[in-house]
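Since the structure comes first, as structure tokens, the remarks are kept for the end.
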Amino acid sequence: MAMKDVPDNVFMTSLDAAASWARSNSLWPMPFATACCGIELMATASSRFDLARFGAEVMRFSPRQCDLMIVAGRVAMKMLPVLQRIWLQMPEPKWCISMGACACTGGVFDTYAVVQGVDRFIPVDLYVPGCPPRPEQLMAGIIALQDKIKNGGTLNGTEFGKRTQPTGPAPFDLDELIRIREANEKLVALN
Ligand code: SF4
């Protein structure tokens, strides 16, 4: 059949483009809300802002049913294994939005007890800045992520083949630990 014979109501595309389009418009978020940013995340789903308009309002509380992790709020070091476990339990293809200054960088909590950016431990696709970001900002982030998914090609997994799993700062090796302990002992002896 020549192209001129194709009726006007027939739409042709590649399977990969169709799959990416469908996935981008049916994101199911997993809310990982630990602090104040979580309130803005809840507001985003409310009737005033209505995230449903963009097909991403079906919040799930089982990682097995989600394909979009939204980390909203600061993450304590103690919570990190939980965050990583939930991320690993989500099936591919999956994406991650880091929402707010705390999730992106630790924010004002520049301490050893708070994760200084969740991207050191899980792959982040999109950052939403602010303290807290307004719901409109989160929605703009979700729309930007949808564009990225549409243009990425999710069927053959090329996007995910390049993805690396950050592991965070390497633990001290034994020599370093001994050096620190000896330096501390010298300090104590001096005092
Ligand atoms: S970025 Fe600001 S609003 Fe969000 S969790 Fe941190 S302190 Fe709270």
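Scheme for the structure tokens: letters A, B, ... for chains in order shown; per-chain residue numbers from 1; ligand numbers from 1 in order shown.
Restricting the atom set to only C-alpha atoms and all ligand atoms, one finds that the residues within 8 Å of ligand 1 amount to Thr34, Ala35, Cys36, Cys37, Gly38, Ala72, Gly73, Arg74, Met99, Gly100, Ala101, Cys102, Ala103, Gly106, Gly107, Val108, Gly130, Cys131, Pro132 and Pro133 of chain A.
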Writing out the chosen residues with C-alpha atoms as a short mmCIF file (atom, residue, chain, number, x, y, z; two decimals), in the first residue's frame:
data_model
loop_
_atom_site.label_atom_id
_atom_site.label_comp_id
_atom_site.auth_asym_id
_atom_site.auth_seq_id
_atom_site.Cartn_x
_atom_site.Cartn_y
_atom_site.Cartn_z
CA THR A 34 9.71 12.36 55.15
CA ALA A 35 9.31 16.04 56.04
CA CYS A 36 7.74 19.38 55.15
CA CYS A 37 8.15 18.89 51.37
CA GLY A 38 5.73 15.99 51.74
CA ALA A 72 10.19 14.69 49.23
CA GLY A 73 12.01 15.89 52.32
CA ARG A 74 15.25 15.22 54.12
CA MET A 99 12.01 17.15 45.48
CA GLY A 100 13.30 20.06 47.55
CA ALA A 101 16.66 21.31 48.78
CA CYS A 102 16.96 18.64 51.47
CA ALA A 103 16.49 15.65 49.16
CA GLY A 106 20.80 17.96 52.41
CA GLY A 107 19.54 21.57 52.49
CA VAL A 108 20.25 23.40 55.70
CA GLY A 130 13.10 24.97 46.56
CA CYS A 131 12.48 24.90 50.28
CA PRO A 132 9.79 23.81 49.86
CA PRO A 133 9.02 23.77 46.15
#
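Taking chain A and asking which residues DSSP calls strand (DSSP E) on the backbone, you get Pro29, Met30, Pro31, Phe32, Ala33, Leu68, Met69, Ile70, Val71, Ala72, Trp95, Cys96, Ile97, Ser98, Met99, Leu126, Tyr127 and Val128 of chain A.
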### Query
Could you work out how far CA of Arg64 (chain A) lies from CA of Met79 (chain A), giving the answer in Å with one decimal?
19.3 Å
### Query
Using only C-alpha atoms, which of A:Ile178, A:Leu41, A:Val71, A:Leu83 sits nearest Gln137 (chain A)?
A:Leu41
### Message
List as a ChimeraX atom specification the protein and nucleic acid residues near Pro29 (chain A), meaning an atom at most 10 Å away when only C-alpha atoms are counted, but skip any in the same chain fewer than 6 places from it.
### Response
/A:56-63,65-70,94-97
If we count only C-alpha atoms, what is near Thr164 (chain A) at a cut-off of 9 Å, once residues fewer than 3 positions away on the same chain are taken out, given as a tab-separated table (two decimals) with all heavy atoms, in the first residue's frame?
chain	number	residue	atom	x	y	z
A	122	ILE	N	20.87	6.72	45.14
A	122	ILE	CA	19.97	6.17	44.12
A	122	ILE	C	20.05	7.10	42.89
A	122	ILE	O	20.33	8.29	43.05
A	122	ILE	CB	18.50	6.05	44.61
A	122	ILE	CG1	17.93	7.41	45.02
A	122	ILE	CG2	18.35	5.03	45.71
A	122	ILE	CD1	16.43	7.35	45.31
A	123	PRO	N	19.80	6.57	41.69
A	123	PRO	CA	19.88	7.44	40.52
A	123	PRO	C	18.69	8.40	40.47
A	123	PRO	O	17.55	7.98	40.64
A	123	PRO	CB	19.85	6.46	39.34
A	123	PRO	CG	19.43	5.16	39.88
A	123	PRO	CD	19.52	5.17	41.37
A	160	PHE	N	18.26	2.89	30.28
A	160	PHE	CA	18.60	2.26	31.55
A	160	PHE	C	19.92	1.51	31.49
A	160	PHE	O	20.55	1.29	32.51
A	160	PHE	CB	17.46	1.33	31.98
A	160	PHE	CG	16.15	2.05	32.00
A	160	PHE	CD1	15.23	1.88	31.00
A	160	PHE	CD2	15.90	2.98	33.00
A	160	PHE	CE1	14.05	2.60	31.00
A	160	PHE	CE2	14.72	3.70	32.99
A	160	PHE	CZ	13.80	3.51	32.00
A	161	GLY	N	20.31	1.15	30.26
A	161	GLY	CA	21.60	0.49	30.11
A	161	GLY	C	22.73	1.40	30.56
A	161	GLY	O	23.75	0.94	31.08
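All residues of region 48-81 of chain A that DSSP, run on the backbone, classes as helix (DSSP H, G or I) are Leu51, Ala52, Arg53, Phe54, Pro63, Arg64, Gln65, Met77, Lys78, Met79, Leu80 and Pro81 of chain A.
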Please produce a file of the residues just selected, as a short mmCIF file (atom, residue, chain, number, x, y, z; two decimals), in the first residue's frame, where the atoms kept are all heavy atoms.
data_model
loop_
_atom_site.label_atom_id
_atom_site.label_comp_id
_atom_site.auth_asym_id
_atom_site.auth_seq_id
_atom_site.Cartn_x
_atom_site.Cartn_y
_atom_site.Cartn_z
N LEU A 51 -3.15 17.02 40.10
CA LEU A 51 -2.12 16.31 39.34
C LEU A 51 -2.72 15.33 38.33
O LEU A 51 -2.08 14.95 37.35
CB LEU A 51 -1.21 15.55 40.33
CG LEU A 51 0.04 14.88 39.81
CD1 LEU A 51 0.96 15.88 39.14
CD2 LEU A 51 0.77 14.17 40.94
N ALA A 52 -3.98 14.94 38.57
CA ALA A 52 -4.64 13.98 37.68
C ALA A 52 -4.68 14.48 36.24
O ALA A 52 -4.75 13.68 35.30
CB ALA A 52 -6.07 13.72 38.18
N ARG A 53 -4.62 15.80 36.06
CA ARG A 53 -4.65 16.34 34.71
C ARG A 53 -3.50 15.82 33.87
O ARG A 53 -3.54 15.84 32.64
CB ARG A 53 -4.59 17.87 34.74
CG ARG A 53 -5.85 18.51 35.22
CD ARG A 53 -5.68 20.01 35.30
NE ARG A 53 -4.73 20.40 36.33
CZ ARG A 53 -4.03 21.53 36.31
NH1 ARG A 53 -4.16 22.36 35.32
NH2 ARG A 53 -3.20 21.81 37.29
N PHE A 54 -2.42 15.41 34.53
CA PHE A 54 -1.22 14.97 33.81
C PHE A 54 -1.00 13.47 33.91
O PHE A 54 0.07 12.97 33.60
CB PHE A 54 0.00 15.75 34.32
CG PHE A 54 -0.22 17.23 34.25
CD1 PHE A 54 -0.55 17.94 35.39
CD2 PHE A 54 -0.16 17.88 33.04
CE1 PHE A 54 -0.79 19.31 35.32
CE2 PHE A 54 -0.40 19.24 32.96
CZ PHE A 54 -0.72 19.96 34.10
N PRO A 63 5.82 -0.55 46.41
CA PRO A 63 6.82 -0.27 45.36
C PRO A 63 6.62 -1.11 44.11
O PRO A 63 7.00 -0.71 43.03
CB PRO A 63 8.16 -0.60 46.03
CG PRO A 63 7.84 -1.34 47.28
CD PRO A 63 6.43 -1.01 47.66
N ARG A 64 6.00 -2.26 44.25
CA ARG A 64 5.84 -3.14 43.09
C ARG A 64 4.85 -2.57 42.07
O ARG A 64 4.77 -3.03 40.95
CB ARG A 64 5.37 -4.52 43.53
CG ARG A 64 6.19 -5.07 44.65
CD ARG A 64 6.65 -6.48 44.40
NE ARG A 64 7.41 -7.00 45.54
CZ ARG A 64 8.71 -7.05 45.59
NH1 ARG A 64 9.43 -6.61 44.58
NH2 ARG A 64 9.33 -7.53 46.65
N GLN A 65 4.07 -1.57 42.48
CA GLN A 65 3.09 -0.98 41.56
C GLN A 65 3.50 0.39 41.07
O GLN A 65 2.70 1.10 40.48
CB GLN A 65 1.74 -0.89 42.27
CG GLN A 65 1.18 -2.23 42.66
CD GLN A 65 -0.10 -2.12 43.45
OE1 GLN A 65 -0.39 -1.08 44.02
NE2 GLN A 65 -0.85 -3.19 43.50
N MET A 77 20.23 9.30 57.60
CA MET A 77 21.09 8.16 57.27
C MET A 77 20.43 6.84 57.67
O MET A 77 20.56 5.83 56.98
CB MET A 77 22.44 8.30 57.97
CG MET A 77 23.40 9.19 57.23
SD MET A 77 23.87 8.47 55.65
CE MET A 77 25.04 9.66 55.07
N LYS A 78 19.69 6.88 58.79
CA LYS A 78 19.04 5.65 59.25
C LYS A 78 17.95 5.19 58.30
O LYS A 78 17.63 4.01 58.24
CB LYS A 78 18.41 5.90 60.63
CG LYS A 78 19.32 5.58 61.79
CD LYS A 78 18.53 5.58 63.06
CE LYS A 78 19.30 4.90 64.17
NZ LYS A 78 18.53 4.86 65.40
N MET A 79 17.35 6.15 57.58
CA MET A 79 16.28 5.80 56.64
C MET A 79 16.81 5.35 55.29
O MET A 79 16.06 4.81 54.46
CB MET A 79 15.35 7.01 56.43
CG MET A 79 14.38 7.26 57.54
SD MET A 79 13.22 5.90 57.71
CE MET A 79 12.16 6.18 56.30
N LEU A 80 18.09 5.58 55.05
CA LEU A 80 18.65 5.32 53.73
C LEU A 80 18.46 3.88 53.26
O LEU A 80 18.06 3.65 52.11
CB LEU A 80 20.13 5.72 53.71
CG LEU A 80 20.78 5.69 52.34
CD1 LEU A 80 20.08 6.62 51.38
CD2 LEU A 80 22.24 6.02 52.46
N PRO A 81 18.72 2.87 54.10
CA PRO A 81 18.51 1.49 53.63
C PRO A 81 17.06 1.24 53.21
O PRO A 81 16.80 0.48 52.28
CB PRO A 81 18.87 0.64 54.85
CG PRO A 81 19.72 1.52 55.70
CD PRO A 81 19.26 2.92 55.46
#
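In terms of minimum interatomic distance to Gln146 (chain A), A:Leu126 ranks closest within A:Ala45, A:Met90, A:Ile180, A:Leu126, counting only C-alpha atoms.
Here CA of Leu155 (chain A) stands at a distance of 22.4 Å from CA of Val10 (chain A).
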Write out as an mmCIF file with N, CA and C atoms, in the first residue's frame each polymer residue whose atoms come within 10 Å of Phe49 (chain A), counting only C-alpha atoms; drop sequence neighbours fewer than 6 positions from it.
data_model
loop_
_atom_site.group_PDB
_atom_site.id
_atom_site.type_symbol
_atom_site.label_atom_id
_atom_site.label_comp_id
_atom_site.auth_asym_id
_atom_site.auth_seq_id
_atom_site.Cartn_x
_atom_site.Cartn_y
_atom_site.Cartn_z
ATOM 1 N N ALA A 43 -0.357 18.394 48.586
ATOM 2 C CA ALA A 43 -1.149 19.470 47.996
ATOM 3 C C ALA A 43 -1.216 19.324 46.475
ATOM 4 N N PRO A 135 3.645 23.313 44.708
ATOM 5 C CA PRO A 135 3.087 22.245 43.873
ATOM 6 C C PRO A 135 3.265 22.493 42.378
ATOM 7 N N GLU A 136 3.185 23.782 41.968
ATOM 8 C CA GLU A 136 3.369 24.072 40.535
ATOM 9 C C GLU A 136 4.768 23.654 40.066
ATOM 10 N N MET A 139 4.797 19.962 39.610
ATOM 11 C CA MET A 139 4.088 19.604 38.382
ATOM 12 C C MET A 139 4.944 19.929 37.156
#
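In this structure, CA of Gln165 (chain A) sits 27.7 Å away from CA of Gly55 (chain A).
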Excluding Ile149 (chain A) and residues on its chain fewer than 3 positions from it, collect all residues at most 12 Å away from it, counting only C-alpha atoms, and give them as a tab-separated table (two decimals) with C-alpha atoms, in the first residue's frame.
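Listing of around.tsv after writing:
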chain	number	residue	atom	x	y	z
A	16	ASP	CA	9.17	2.37	20.94
A	17	ALA	CA	7.65	5.86	20.58
A	18	ALA	CA	4.17	4.49	21.40
A	19	ALA	CA	5.44	2.64	24.49
A	20	SER	CA	7.35	5.72	25.72
A	21	TRP	CA	4.30	7.94	25.11
A	22	ALA	CA	2.04	5.56	27.05
A	23	ARG	CA	4.51	5.25	29.92
A	24	SER	CA	5.07	8.98	30.19
A	25	ASN	CA	1.33	9.62	30.49
A	26	SER	CA	0.63	6.97	33.10
A	27	LEU	CA	3.25	7.50	35.78
A	67	ASP	CA	7.39	3.53	38.38
A	68	LEU	CA	8.15	7.01	39.76
A	93	PRO	CA	11.37	1.03	33.81
A	94	LYS	CA	11.38	3.47	36.71
A	95	TRP	CA	12.34	7.06	37.38
A	96	CYS	CA	13.17	9.22	40.38
A	125	ASP	CA	16.37	11.70	36.88
A	126	LEU	CA	15.07	15.14	37.82
A	142	ILE	CA	6.74	15.91	36.30
A	143	ILE	CA	5.92	17.43	32.89
A	144	ALA	CA	9.67	17.79	32.18
A	145	LEU	CA	10.18	14.15	33.16
A	146	GLN	CA	7.33	13.10	30.88
A	152	GLY	CA	14.15	8.60	25.68
A	153	GLY	CA	13.00	5.31	24.22
A	154	THR	CA	12.04	2.88	26.95
A	155	LEU	CA	11.26	-0.29	24.99
A	157	GLY	CA	16.05	-0.04	27.65
A	158	THR	CA	18.88	2.04	26.14
A	159	GLU	CA	18.23	4.75	28.73
A	160	PHE	CA	18.60	2.26	31.55
